[in-house]
file query-v9.cif (mmCIF, C-alpha atoms)
data_run
#
loop_
_atom_site.label_atom_id
_atom_site.label_comp_id
_atom_site.auth_asym_id
_atom_site.auth_seq_id
_atom_site.Cartn_x
_atom_site.Cartn_y
_atom_site.Cartn_z
CA MET A 292 149.04 57.93 93.42
CA GLN A 293 149.70 56.30 90.05
CA ASP A 294 146.04 56.40 89.05
CA ILE A 295 146.03 60.16 89.65
CA ILE A 296 149.20 60.57 87.59
CA ASP A 297 147.72 58.50 84.77
CA ARG A 298 144.48 60.50 84.75
CA PHE A 299 146.28 63.84 84.74
CA ILE A 300 148.65 62.80 81.95
CA SER A 301 145.73 61.52 79.86
CA TYR A 302 144.34 65.06 79.94
CA VAL A 303 147.49 67.12 79.38
CA THR A 304 148.63 65.10 76.37
CA ILE A 305 145.50 66.26 74.51
CA ASP A 306 146.11 69.66 72.90
CA THR A 307 143.35 72.09 73.91
CA GLU A 308 144.99 75.46 73.26
CA SER A 309 142.39 78.21 72.82
CA ASP A 310 142.52 80.98 70.21
CA PRO A 311 141.64 84.60 71.02
CA THR A 312 141.20 85.46 67.33
CA SER A 313 138.46 82.89 66.81
CA GLU A 314 134.79 83.81 67.09
CA THR A 315 133.51 80.28 67.71
CA THR A 316 132.85 78.53 71.03
CA PRO A 317 134.95 76.65 71.74
CA SER A 318 137.51 78.79 69.98
CA THR A 319 139.39 75.74 68.67
CA GLU A 320 137.94 72.53 67.32
CA LYS A 321 140.55 70.46 69.17
CA GLN A 322 139.02 71.33 72.53
CA TRP A 323 136.23 68.92 71.66
CA ASN A 324 138.69 66.03 71.87
CA LEU A 325 139.14 66.38 75.61
CA ALA A 326 135.56 67.52 76.16
CA ASN A 327 134.15 64.35 74.63
CA LEU A 328 136.61 62.20 76.56
CA LEU A 329 135.50 63.85 79.80
CA VAL A 330 131.84 63.22 79.07
CA ASP A 331 132.57 59.51 78.60
CA GLU A 332 134.66 59.42 81.77
CA LEU A 333 132.01 61.15 83.89
CA LYS A 334 129.45 58.61 82.76
CA ARG A 335 131.86 55.75 83.41
CA ILE A 336 132.58 56.72 87.02
CA GLY A 337 128.85 56.90 87.73
CA LEU A 338 127.78 60.54 87.68
CA SER A 339 124.23 61.37 86.56
CA ASP A 340 122.77 64.10 84.33
CA VAL A 341 126.00 64.24 82.29
CA THR A 342 125.50 66.81 79.53
CA ILE A 343 127.56 68.65 76.95
CA ASP A 344 126.02 71.50 74.97
CA GLU A 345 126.73 72.88 71.51
CA ASN A 346 129.50 75.09 72.93
CA ALA A 347 131.27 72.23 74.78
CA TYR A 348 130.14 73.23 78.29
CA ILE A 349 130.02 70.07 80.39
CA MET A 350 127.83 69.56 83.46
CA ALA A 351 127.14 66.55 85.66
CA THR A 352 125.58 65.68 89.01
CA LEU A 353 126.50 63.63 92.04
CA PRO A 354 123.15 63.17 93.80
CA SER A 355 122.78 63.75 97.51
CA ASN A 356 123.09 60.73 99.79
CA VAL A 357 121.47 62.36 102.84
CA THR A 358 117.81 62.80 103.71
CA HIS A 359 118.04 66.35 105.05
CA GLU A 360 118.08 69.45 102.85
CA VAL A 361 121.55 70.66 101.88
CA PRO A 362 122.45 73.50 99.49
CA THR A 363 123.64 72.33 96.10
CA ILE A 364 127.32 73.15 95.69
CA GLY A 365 129.42 73.11 92.54
CA PHE A 366 133.02 72.65 91.41
CA VAL A 367 134.23 74.20 88.15
CA SER A 368 137.40 73.96 86.04
CA HIS A 369 138.38 74.74 82.45
CA PHE A 370 139.90 72.37 79.91
CA ASP A 371 141.52 74.81 77.48
CA THR A 372 145.16 75.84 77.80
CA SER A 373 146.75 79.22 77.26
CA PRO A 374 147.73 80.44 73.78
CA ASP A 375 150.72 82.18 75.42
CA PHE A 376 152.82 79.05 74.81
CA THR A 377 152.28 75.93 72.75
CA GLY A 378 150.22 73.10 74.21
CA ALA A 379 150.82 70.70 71.31
CA ASN A 380 152.75 67.46 71.82
CA VAL A 381 153.01 67.80 75.60
CA ASN A 382 155.49 65.24 76.90
CA PRO A 383 155.23 65.18 80.71
CA GLN A 384 158.24 64.18 82.81
CA ILE A 385 157.82 62.43 86.18
CA VAL A 386 160.35 63.40 88.86
CA ARG A 387 159.96 61.10 91.84
CA ASN A 388 161.35 61.96 95.27
CA TYR A 389 162.55 65.37 94.10
CA ASP A 390 165.96 66.05 95.61
CA GLY A 391 165.83 69.86 95.67
CA LYS A 392 168.34 70.26 92.84
CA ASP A 393 168.12 71.45 89.24
CA ILE A 394 165.76 69.49 86.99
CA VAL A 395 167.00 69.17 83.42
CA LEU A 396 163.90 69.49 81.29
CA ASN A 397 165.70 69.34 77.97
CA ALA A 398 169.39 68.55 77.80
CA GLU A 399 169.66 69.17 74.08
CA GLN A 400 168.31 72.72 74.40
CA ASP A 401 169.84 73.30 77.86
CA ILE A 402 166.47 74.05 79.48
CA VAL A 403 166.66 73.69 83.25
CA LEU A 404 164.02 74.09 85.97
CA SER A 405 166.10 75.40 88.85
CA PRO A 406 165.24 76.23 92.48
CA ASP A 407 167.83 79.01 92.22
CA TYR A 408 165.29 80.86 90.07
CA PHE A 409 162.02 79.14 91.03
CA GLU A 410 162.38 79.00 94.80
CA ASP A 411 158.95 77.39 95.30
CA LEU A 412 160.45 74.12 94.09
CA LEU A 413 162.09 73.70 97.48
CA LEU A 414 158.65 73.45 99.11
CA TYR A 415 158.24 70.10 97.38
CA LYS A 416 161.49 68.34 98.19
CA GLY A 417 160.84 64.62 98.53
CA GLN A 418 157.61 64.80 96.53
CA THR A 419 156.69 63.62 93.03
CA LEU A 420 156.68 66.40 90.44
CA ILE A 421 155.24 66.39 86.94
CA THR A 422 157.11 68.79 84.63
CA THR A 423 157.29 69.60 80.94
CA ASP A 424 160.08 68.52 78.60
CA GLY A 425 160.94 72.19 78.14
CA THR A 426 159.29 72.61 74.74
CA THR A 427 155.64 73.12 75.73
CA LEU A 428 153.53 74.21 78.65
CA LEU A 429 152.19 71.42 80.87
CA GLY A 430 148.50 72.26 81.13
CA ALA A 431 148.11 71.94 84.90
CA ASP A 432 146.19 75.17 84.40
CA ASP A 433 143.59 73.86 84.58
CA LYS A 434 143.70 70.16 83.84
CA ALA A 435 144.94 69.62 87.38
CA GLY A 436 141.62 71.11 88.49
CA ILE A 437 139.68 68.77 86.22
CA CYS A 438 141.66 65.78 87.48
CA GLU A 439 140.91 66.80 91.06
CA ILE A 440 137.17 67.23 90.53
CA VAL A 441 136.76 63.96 88.61
CA SER A 442 138.86 62.07 91.15
CA ALA A 443 136.96 63.56 94.10
CA MET A 444 133.61 62.61 92.57
CA GLU A 445 134.86 59.09 91.92
CA TYR A 446 136.04 58.83 95.52
CA LEU A 447 132.67 59.97 96.88
CA ILE A 448 130.86 57.49 94.65
CA ASN A 449 133.10 54.68 95.93
CA HIS A 450 132.75 55.79 99.58
CA PRO A 451 129.03 56.26 100.25
CA GLU A 452 129.75 56.40 103.97
CA ILE A 453 130.88 60.01 103.36
CA LYS A 454 127.69 62.03 103.52
CA HIS A 455 127.12 64.94 101.15
CA GLY A 456 124.39 66.94 99.46
CA THR A 457 123.89 67.31 95.73
CA ILE A 458 127.10 68.28 93.93
CA ARG A 459 127.22 69.80 90.45
CA ILE A 460 130.40 69.90 88.39
CA GLY A 461 131.11 72.05 85.36
CA PHE A 462 133.94 72.10 82.83
CA THR A 463 134.33 75.05 80.48
CA PRO A 464 136.22 75.93 77.28
CA ASP A 465 138.10 79.15 76.53
CA GLU A 466 138.78 80.40 80.07
CA GLU A 467 142.32 81.34 79.06
CA ILE A 468 141.01 83.87 76.55
CA GLY A 469 138.53 85.35 79.01
CA ARG A 470 135.40 83.61 77.70
CA GLY A 471 135.08 80.61 79.99
CA ALA A 472 131.90 81.80 81.68
CA HIS A 473 130.38 83.67 78.74
CA LYS A 474 127.99 80.87 77.77
CA PHE A 475 127.83 79.08 81.11
CA ASP A 476 124.17 78.42 81.97
CA VAL A 477 124.05 79.31 85.67
CA GLU A 478 120.33 78.50 85.93
CA LYS A 479 120.85 75.06 84.41
CA PHE A 480 123.83 74.44 86.69
CA GLY A 481 121.51 75.01 89.62
CA ALA A 482 124.08 75.38 92.41
CA ASP A 483 123.72 77.73 95.36
CA TRP A 484 127.44 78.43 95.21
CA ALA A 485 130.54 76.87 93.64
CA TYR A 486 134.32 76.75 93.76
CA THR A 487 136.73 76.97 90.85
CA MET A 488 139.69 74.63 91.23
CA ASP A 489 142.07 76.93 89.40
CA GLY A 490 144.62 78.29 91.88
CA SER A 491 148.30 77.57 92.21
CA GLU A 492 150.22 76.71 95.40
CA ILE A 493 148.73 74.28 97.89
CA GLY A 494 146.58 76.15 100.41
CA GLU A 495 145.54 79.02 98.16
CA LEU A 496 141.99 80.22 98.80
CA GLU A 497 140.96 83.33 96.92
CA TYR A 498 137.84 85.44 96.74
CA GLU A 499 139.36 88.64 95.33
CA ASN A 500 140.59 89.10 91.78
CA PHE A 501 141.56 91.92 89.47
CA ASN A 502 139.13 94.18 87.74
CA ALA A 503 140.24 93.70 84.15
CA ALA A 504 140.08 95.48 80.83
CA SER A 505 141.77 95.19 77.45
CA ALA A 506 143.00 98.17 75.47
CA LYS A 507 143.95 98.27 71.79
CA ILE A 508 145.58 101.40 70.48
CA ASP A 509 145.74 101.85 66.70
CA ILE A 510 147.99 104.64 65.44
CA LYS A 511 147.89 106.13 61.94
CA GLY A 512 150.97 107.98 60.70
CA LYS A 513 151.88 109.56 57.39
CA ILE A 514 154.79 108.31 55.35
CA VAL A 515 156.77 110.38 52.85
CA HIS A 516 160.32 110.11 51.57
CA PRO A 517 162.59 110.72 54.60
CA GLY A 518 164.69 113.16 52.59
CA TYR A 519 161.66 115.40 52.14
CA ALA A 520 159.86 114.61 55.40
CA LYS A 521 160.21 117.86 57.29
CA GLY A 522 156.78 119.07 58.37
CA LYS A 523 155.10 116.21 56.53
CA MET A 524 156.00 112.81 57.99
CA ILE A 525 154.17 111.56 61.05
CA ASN A 526 155.91 108.46 62.40
CA SER A 527 153.36 106.23 64.12
CA ILE A 528 156.14 104.29 65.88
CA LEU A 529 157.25 107.45 67.68
CA ILE A 530 153.68 108.16 68.75
CA ALA A 531 153.46 104.58 70.08
CA ASN A 532 156.67 105.16 71.99
CA GLU A 533 155.24 108.36 73.45
CA ILE A 534 152.17 106.49 74.69
CA ILE A 535 154.32 103.79 76.29
CA ASN A 536 156.47 106.38 78.05
CA SER A 537 153.44 108.37 79.23
CA LEU A 538 152.23 105.48 81.38
CA PRO A 539 153.67 104.90 84.90
CA GLN A 540 156.94 103.11 84.19
CA HIS A 541 156.95 100.93 87.31
CA GLU A 542 153.29 99.90 87.22
CA ILE A 543 153.99 96.78 85.18
CA PRO A 544 153.56 93.09 86.07
CA GLN A 545 157.20 92.42 86.91
CA GLU A 546 157.33 95.27 89.43
CA THR A 547 153.99 94.84 91.21
CA THR A 548 152.56 92.39 93.72
CA GLY A 549 149.62 91.85 96.07
CA ARG A 550 146.82 94.27 95.28
CA GLU A 551 148.99 96.55 93.16
CA GLY A 552 147.58 97.11 89.69
CA PHE A 553 149.41 97.46 86.39
CA TYR A 554 149.40 98.16 82.68
CA HIS A 555 150.78 95.24 80.69
CA LEU A 556 151.89 95.82 77.11
CA HIS A 557 151.76 92.36 75.55
CA THR A 558 151.68 92.97 71.78
CA THR A 559 153.16 95.62 69.50
CA LYS A 560 153.31 96.09 65.74
CA GLY A 561 154.86 99.02 64.00
CA SER A 562 155.76 100.83 60.83
CA VAL A 563 155.96 104.51 60.01
CA GLU A 564 152.43 104.57 58.67
CA GLU A 565 150.67 102.17 61.05
CA SER A 566 151.40 100.90 64.56
CA SER A 567 149.42 99.23 67.28
CA LEU A 568 149.74 98.54 70.99
CA GLU A 569 147.74 96.00 72.96
CA TYR A 570 147.49 96.31 76.74
CA ILE A 571 145.73 94.59 79.55
CA ILE A 572 144.75 96.82 82.48
CA ARG A 573 144.42 95.36 85.97
CA ASP A 574 143.57 96.63 89.46
CA HIS A 575 141.82 95.16 92.49
CA ASP A 576 140.46 98.55 93.52
CA LYS A 577 137.51 99.59 91.33
CA ALA A 578 138.23 103.33 91.60
CA LYS A 579 141.89 102.84 90.69
CA PHE A 580 140.83 100.57 87.83
CA GLU A 581 138.61 103.31 86.40
CA ALA A 582 141.43 105.85 86.88
CA ARG A 583 143.78 103.67 84.85
CA LYS A 584 141.37 103.61 81.94
CA GLU A 585 140.84 107.37 82.23
CA LEU A 586 144.60 107.96 82.03
CA LEU A 587 144.82 106.07 78.75
CA GLU A 588 141.90 108.08 77.40
CA LYS A 589 143.61 111.33 78.43
CA ILE A 590 146.90 110.35 76.80
CA ALA A 591 145.12 109.51 73.54
CA ALA A 592 143.11 112.75 73.62
CA ASP A 593 146.20 114.87 74.35
CA ILE A 594 148.08 113.38 71.40
CA ASN A 595 145.12 113.76 69.04
CA SER A 596 144.76 117.43 70.02
CA ARG A 597 148.16 118.20 68.48
CA TYR A 598 147.27 117.06 64.96
CA THR A 599 144.81 118.07 62.27
CA TYR A 600 143.42 114.54 62.39
CA ASP A 601 143.17 111.90 65.13
CA PRO A 602 146.15 109.58 64.73
CA VAL A 603 145.29 107.60 67.87
CA LYS A 604 142.25 105.33 68.14
CA LEU A 605 141.77 103.78 71.57
CA THR A 606 139.43 100.80 72.02
CA MET A 607 138.91 99.55 75.57
CA LYS A 608 136.73 96.70 76.78
CA ASP A 609 136.02 95.58 80.33
CA GLN A 610 136.67 91.86 80.74
CA TYR A 611 135.70 90.98 84.33
CA TYR A 612 135.40 92.49 87.80
CA ASN A 613 136.52 91.77 91.35
CA MET A 614 134.31 88.97 92.71
CA LYS A 615 134.91 90.13 96.30
CA GLU A 616 131.81 92.30 95.92
CA LYS A 617 129.65 89.23 95.31
CA VAL A 618 131.35 86.76 97.65
CA GLU A 619 131.57 88.83 100.84
CA PRO A 620 127.77 88.83 101.39
CA VAL A 621 127.90 84.99 101.47
CA PHE A 622 131.27 84.70 103.18
CA HIS A 623 130.37 81.40 104.83
CA ILE A 624 131.26 79.72 101.54
CA VAL A 625 134.86 80.87 101.98
CA GLU A 626 134.81 79.83 105.64
CA ILE A 627 133.70 76.30 104.72
CA ALA A 628 136.65 75.94 102.34
CA GLU A 629 139.01 77.35 104.97
CA GLU A 630 137.66 74.92 107.57
CA ALA A 631 138.09 72.04 105.14
CA MET A 632 141.75 72.88 104.59
CA LYS A 633 142.45 73.22 108.31
CA ALA A 634 140.78 69.87 108.97
CA LEU A 635 143.29 68.35 106.54
CA ASP A 636 146.27 70.15 108.13
CA ILE A 637 146.60 72.41 105.09
CA THR A 638 147.45 76.01 105.95
CA PRO A 639 145.01 78.27 104.09
CA ILE A 640 146.68 81.02 102.09
CA ILE A 641 143.99 83.65 101.65
CA LYS A 642 145.15 86.26 99.18
CA PRO A 643 143.94 88.18 96.14
CA ILE A 644 144.29 86.55 92.73
CA ARG A 645 146.63 88.43 90.43
CA GLY A 646 144.52 87.36 87.51
CA GLY A 647 141.01 86.13 86.92
CA THR A 648 139.11 82.87 86.87
CA ASP A 649 135.77 81.71 85.56
CA GLY A 650 134.65 82.30 89.13
CA SER A 651 134.96 86.06 88.82
CA GLN A 652 132.46 86.18 85.97
CA LEU A 653 130.25 83.48 87.45
CA SER A 654 129.98 85.44 90.70
CA PHE A 655 128.52 88.38 88.79
CA MET A 656 126.19 85.99 86.95
CA GLY A 657 124.61 84.91 90.24
CA LEU A 658 126.88 81.99 91.20
CA PRO A 659 129.26 83.07 94.01
CA CYS A 660 132.45 81.21 93.24
CA PRO A 661 135.71 81.51 95.25
CA ASN A 662 138.88 79.90 93.92
CA ILE A 663 140.82 77.00 95.45
CA PHE A 664 144.34 75.79 94.69
CA ALA A 665 144.86 73.24 91.92
CA GLY A 666 148.55 72.86 92.78
CA GLY A 667 150.46 73.93 89.68
CA HIS A 668 153.25 76.49 89.36
CA ASN A 669 154.73 78.62 86.56
CA PHE A 670 151.61 78.48 84.42
CA HIS A 671 151.59 79.32 80.70
CA GLY A 672 155.17 78.36 79.95
CA ARG A 673 157.88 75.75 79.60
CA TYR A 674 158.72 75.80 83.33
CA GLU A 675 155.25 74.75 84.46
CA TYR A 676 155.11 71.90 86.98
CA VAL A 677 152.74 70.37 89.52
CA PRO A 678 153.43 68.25 92.61
CA VAL A 679 151.25 65.14 92.59
CA GLU A 680 150.83 65.47 96.36
CA SER A 681 149.22 68.89 95.81
CA ILE A 682 146.71 67.36 93.38
CA MET A 683 145.90 64.71 95.96
CA SER A 684 145.46 67.36 98.66
CA ALA A 685 143.06 69.30 96.43
CA ILE A 686 141.01 66.12 95.93
CA ASP A 687 140.82 65.77 99.72
CA VAL A 688 139.68 69.40 100.06
CA ILE A 689 136.82 68.88 97.59
CA VAL A 690 135.67 65.79 99.48
CA LYS A 691 135.92 67.58 102.84
CA ILE A 692 133.97 70.63 101.58
CA ALA A 693 131.17 68.33 100.46
CA GLU A 694 131.18 66.55 103.80
CA LEU A 695 131.29 69.74 105.89
CA THR A 696 128.48 71.36 103.91
CA ALA A 697 126.21 68.40 104.59
CA GLU A 698 127.13 68.42 108.28
CA LYS A 699 126.47 72.13 108.70
CA TYR A 700 122.94 71.85 107.34
CA LYS A 701 121.99 68.77 109.36
CA LYS A 702 119.09 69.56 111.70
#

call {"tool": "encode", "arguments": {"input": "query-v9.cif", "output": "structure tokens"}}
result
Amino acid sequence: MQDIIDRFISYVTIDTESDPTSETTPSTEKQWNLANLLVDELKRIGLSDVTIDENAYIMATLPSNVTHEVPTIGFVSHFDTSPDFTGANVNPQIVRNYDGKDIVLNAEQDIVLSPDYFEDLLLYKGQTLITTDGTTLLGADDKAGICEIVSAMEYLINHPEIKHGTIRIGFTPDEEIGRGAHKFDVEKFGADWAYTMDGSEIGELEYENFNAASAKIDIKGKIVHPGYAKGKMINSILIANEIINSLPQHEIPQETTGREGFYHLHTTKGSVEESSLEYIIRDHDKAKFEARKELLEKIAADINSRYTYDPVKLTMKDQYYNMKEKVEPVFHIVEIAEEAMKALDITPIIKPIRGGTDGSQLSFMGLPCPNIFAGGHNFHGRYEYVPVESIMSAIDVIVKIAELTAEKYKK
């Protein structure tokens, strides 16, 4: 177990926060620090064809050790961390034999990870947890996935008695800002299908994700002296407030679950003369997804129709789509993962992702790519944690998928 802990900590203590305002790939220069370390590590454990391109996309191969033909499978994770919360100076805490009680992350700032609020903690009583110190995120999303893939490949190299076909692995930058697959060379990767190791709770197996779009609303008002404003002032903040209130009030992240979609207002700026709203739009159902975008367009058009100029400028951009459409025709790839979990006495939790992964974009690029648990919880914030036993279980699942795939194609 300690070698897994050491490997994981060596990754999360390297700051790889991505930047949505940057136009480079990777979006931050510091992502190269972990990328270059990973290249060296992949070579050291004995993988072949280890490459890193000019955009920091890493690929490597574990050659087949069987004589019969087996489809090439892949495993993919991302090494950037979310810009939602700082990933600098991560100081992981090790909680051994967790007792089911509150975990004090930071006594000085009174930051506590409590099962009274995060009930999932109680699933891991008696296990070893890795937490933050309360001042940063942890980075289990998705450095747990990287740790699992590297560790599984190392295990297969050291245990040649486990038979498998050719395995390709890929590590990407900038997934957290929606660009992880943008420059991924699917043809070069050369896998028939792949799995992202980017889920949460042990047992998660996902082949559905949100359809996703971003929406930026820029609002132009007119400012004059408030004492002489009648019939002249147009307050852009009030128009912004009207837009917010025109959307369904309960279709927001904190009041939706399962396949329910939402509008999420995540950034606002405002003054009388200029305001802006930034939303993300999510829905699993494609028709409902399109209807959500149409509603925003209607609201903007209705407001603009009341003025002699257009105060509202709406810019929407599709980000990714539900991979279910691409995975269902090759559903055996989900069934192999499910069988692997059951063989390891892990109960598969098959449910839609309330988010997106590289796999959603990769599936539409010709690489069907369901998502498997990486083990972490409370991603993107100070309360993030991961049970070491979940990381170890994910390693076992990767190994078992490789083994089962080779068995199924044996003639």

call {"tool": "resolve_selection", "arguments": {"input": "query-v9.cif", "expression": "the PyMOL selection byres ((chain A and resi 631-633) around 12)", "output": "VMD selection string"}}
result
chain A and resid 493 to 496 624 to 630 634 to 641 663 to 664 684 to 696 698

call {"tool": "write_last_selection", "arguments": {"input": "query-v9.cif", "atoms": "C-alpha atoms", "output": "PDB file, in the coordinates of the input"}}
result
ATOM      1  CA  ILE A 493     148.730  74.280  97.890  1.00  0.00           C
ATOM      2  CA  GLY A 494     146.580  76.150 100.410  1.00  0.00           C
ATOM      3  CA  GLU A 495     145.540  79.020  98.160  1.00  0.00           C
ATOM      4  CA  LEU A 496     141.990  80.220  98.800  1.00  0.00           C
ATOM      5  CA  ILE A 624     131.260  79.720 101.540  1.00  0.00           C
ATOM      6  CA  VAL A 625     134.860  80.870 101.980  1.00  0.00           C
ATOM      7  CA  GLU A 626     134.810  79.830 105.640  1.00  0.00           C
ATOM      8  CA  ILE A 627     133.700  76.300 104.720  1.00  0.00           C
ATOM      9  CA  ALA A 628     136.650  75.940 102.340  1.00  0.00           C
ATOM     10  CA  GLU A 629     139.010  77.350 104.970  1.00  0.00           C
ATOM     11  CA  GLU A 630     137.660  74.920 107.570  1.00  0.00           C
ATOM     12  CA  ALA A 634     140.780  69.870 108.970  1.00  0.00           C
ATOM     13  CA  LEU A 635     143.290  68.350 106.540  1.00  0.00           C
ATOM     14  CA  ASP A 636     146.270  70.150 108.130  1.00  0.00           C
ATOM     15  CA  ILE A 637     146.600  72.410 105.090  1.00  0.00           C
ATOM     16  CA  THR A 638     147.450  76.010 105.950  1.00  0.00           C
ATOM     17  CA  PRO A 639     145.010  78.270 104.090  1.00  0.00           C
ATOM     18  CA  ILE A 640     146.680  81.020 102.090  1.00  0.00           C
ATOM     19  CA  ILE A 641     143.990  83.650 101.650  1.00  0.00           C
ATOM     20  CA  ILE A 663     140.820  77.000  95.450  1.00  0.00           C
ATOM     21  CA  PHE A 664     144.340  75.790  94.690  1.00  0.00           C
ATOM     22  CA  SER A 684     145.460  67.360  98.660  1.00  0.00           C
ATOM     23  CA  ALA A 685     143.060  69.300  96.430  1.00  0.00           C
ATOM     24  CA  ILE A 686     141.010  66.120  95.930  1.00  0.00           C
ATOM     25  CA  ASP A 687     140.820  65.770  99.720  1.00  0.00           C
ATOM     26  CA  VAL A 688     139.680  69.400 100.060  1.00  0.00           C
ATOM     27  CA  ILE A 689     136.820  68.880  97.590  1.00  0.00           C
ATOM     28  CA  VAL A 690     135.670  65.790  99.480  1.00  0.00           C
ATOM     29  CA  LYS A 691     135.920  67.580 102.840  1.00  0.00           C
ATOM     30  CA  ILE A 692     133.970  70.630 101.580  1.00  0.00           C
ATOM     31  CA  ALA A 693     131.170  68.330 100.460  1.00  0.00           C
ATOM     32  CA  GLU A 694     131.180  66.550 103.800  1.00  0.00           C
ATOM     33  CA  LEU A 695     131.290  69.740 105.890  1.00  0.00           C
ATOM     34  CA  THR A 696     128.480  71.360 103.910  1.00  0.00           C
ATOM     35  CA  GLU A 698     127.130  68.420 108.280  1.00  0.00           C
TER      36      GLU A 698
END

call {"tool": "residues_around", "arguments": {"input": "query-v9.cif", "residues": "A:Thr606", "least_positions_apart": "5", "cutoff": "10 Å", "atoms": "all atoms listed in the file", "output": "number ranges by chain"}}
result
A: 505-509, 569, 588

call {"tool": "residues_around", "arguments": {"input": "query-v9.cif", "residues": "A:Ile530", "least_positions_apart": "6", "cutoff": "12 Å", "atoms": "all atoms listed in the file", "output": "CSV table (one decimal) with C-alpha atoms, keeping the file's coordinate frame"}}
result
chain,number,residue,atom,x,y,z
A,508,ILE,CA,145.6,101.4,70.5
A,509,ASP,CA,145.7,101.8,66.7
A,510,ILE,CA,148.0,104.6,65.4
A,511,LYS,CA,147.9,106.1,61.9
A,512,GLY,CA,151.0,108.0,60.7
A,513,LYS,CA,151.9,109.6,57.4
A,524,MET,CA,156.0,112.8,58.0
A,536,ASN,CA,156.5,106.4,78.0
A,537,SER,CA,153.4,108.4,79.2
A,561,GLY,CA,154.9,99.0,64.0
A,562,SER,CA,155.8,100.8,60.8
A,563,VAL,CA,156.0,104.5,60.0
A,564,GLU,CA,152.4,104.6,58.7
A,565,GLU,CA,150.7,102.2,61.0
A,566,SER,CA,151.4,100.9,64.6
A,567,SER,CA,149.4,99.2,67.3
A,568,LEU,CA,149.7,98.5,71.0
A,590,ILE,CA,146.9,110.4,76.8
A,591,ALA,CA,145.1,109.5,73.5
A,593,ASP,CA,146.2,114.9,74.4
A,594,ILE,CA,148.1,113.4,71.4
A,595,ASN,CA,145.1,113.8,69.0
A,597,ARG,CA,148.2,118.2,68.5
A,598,TYR,CA,147.3,117.1,65.0
A,601,ASP,CA,143.2,111.9,65.1
A,602,PRO,CA,146.2,109.6,64.7
A,603,VAL,CA,145.3,107.6,67.9
A,604,LYS,CA,142.2,105.3,68.1

call {"tool": "residues_around", "arguments": {"input": "query-v9.cif", "residues": "stretch 346-362 of chain A", "least_positions_apart": "6", "cutoff": "8 Å", "atoms": "all atoms listed in the file", "output": "VMD selection string"}}
result
chain A and resid 316 to 317 323 326 330 333 338 to 340 444 448 451 454 to 464 474 to 475 480 482 to 483 696 to 697 700 to 702

call {"tool": "closest_residue", "arguments": {"input": "query-v9.cif", "among": "A:Ser368, A:Ser309, A:Ser596, A:Ser373", "to": "A:Val441", "atoms": "only C-alpha atoms"}}
result
A:Ser368

call {"tool": "resolve_selection", "arguments": {"input": "query-v9.cif", "expression": "the PyMOL selection byres ((chain A and resi 498-500) around 7)", "output": "PDB file with C-alpha atoms, in the coordinates of the input"}}
result
ATOM      1  CA  LEU A 496     141.990  80.220  98.800  1.00  0.00           C
ATOM      2  CA  GLU A 497     140.960  83.330  96.920  1.00  0.00           C
ATOM      3  CA  PHE A 501     141.560  91.920  89.470  1.00  0.00           C
ATOM      4  CA  ASN A 502     139.130  94.180  87.740  1.00  0.00           C
ATOM      5  CA  HIS A 575     141.820  95.160  92.490  1.00  0.00           C
ATOM      6  CA  ASN A 613     136.520  91.770  91.350  1.00  0.00           C
ATOM      7  CA  MET A 614     134.310  88.970  92.710  1.00  0.00           C
ATOM      8  CA  LYS A 615     134.910  90.130  96.300  1.00  0.00           C
ATOM      9  CA  VAL A 618     131.350  86.760  97.650  1.00  0.00           C
ATOM     10  CA  PRO A 643     143.940  88.180  96.140  1.00  0.00           C
ATOM     11  CA  ILE A 644     144.290  86.550  92.730  1.00  0.00           C
ATOM     12  CA  ARG A 645     146.630  88.430  90.430  1.00  0.00           C
ATOM     13  CA  GLY A 646     144.520  87.360  87.510  1.00  0.00           C
ATOM     14  CA  GLY A 647     141.010  86.130  86.920  1.00  0.00           C
ATOM     15  CA  PRO A 661     135.710  81.510  95.250  1.00  0.00           C
ATOM     16  CA  ASN A 662     138.880  79.900  93.920  1.00  0.00           C
TER      17      ASN A 662
END

call {"tool": "resolve_selection", "arguments": {"input": "query-v9.cif", "expression": "the PyMOL selection byres ((chain A and resi 305) around 9)", "output": "list in words"}}
result
Ile300, Ser301, Tyr302, Val303, Thr304, Asp306, Thr307, Lys321, Gln322, Asn324, Leu325, Gly378, Ala379, Asn380 and Val381 of chain A

call {"tool": "residues_around", "arguments": {"input": "query-v9.cif", "residues": "stretch 424-429 of chain A", "least_positions_apart": "2", "cutoff": "12 Å", "atoms": "only C-alpha atoms", "output": "PyMOL selection string"}}
result
chain A and resi 299-308+371-386+394-404+420-422+431-435+667-677

call {"tool": "closest_residue", "arguments": {"input": "query-v9.cif", "among": "A:Leu447, A:Leu653, A:Ala592, A:Ala504", "to": "A:Ile336", "atoms": "only C-alpha atoms"}}
result
A:Leu447

call {"tool": "atom_distance", "arguments": {"input": "query-v9.cif", "atom1": "atom CA of A:Arg470", "atom2": "atom CA of A:Ser654"}}
result
14.2 Å

call {"tool": "atom_distance", "arguments": {"input": "query-v9.cif", "atom1": "atom CA of A:Pro544", "atom2": "atom CA of A:Tyr570"}}
result
11.6 Å

call {"tool": "atom_distance", "arguments": {"input": "query-v9.cif", "atom1": "atom CA of A:Ile572", "atom2": "atom CA of A:Lys584"}}
result
7.6 Å

call {"tool": "closest_residue", "arguments": {"input": "query-v9.cif", "among": "A:Asp411, A:Asp294, A:Glu332, A:Asp344", "to": "A:Glu492", "atoms": "all atoms listed in the file"}}
result
A:Asp411

call {"tool": "axis_aligned_box", "arguments": {"input": "query-v9.cif", "around": "stretch 468-480 of chain A", "padding_each_side": "4 Å", "output": "lines of an AutoDock Vina configuration file"}}
result
center_x = 130.7
center_y = 79.9
center_z = 81.6
size_x = 28.7
size_y = 18.9
size_z = 18.1
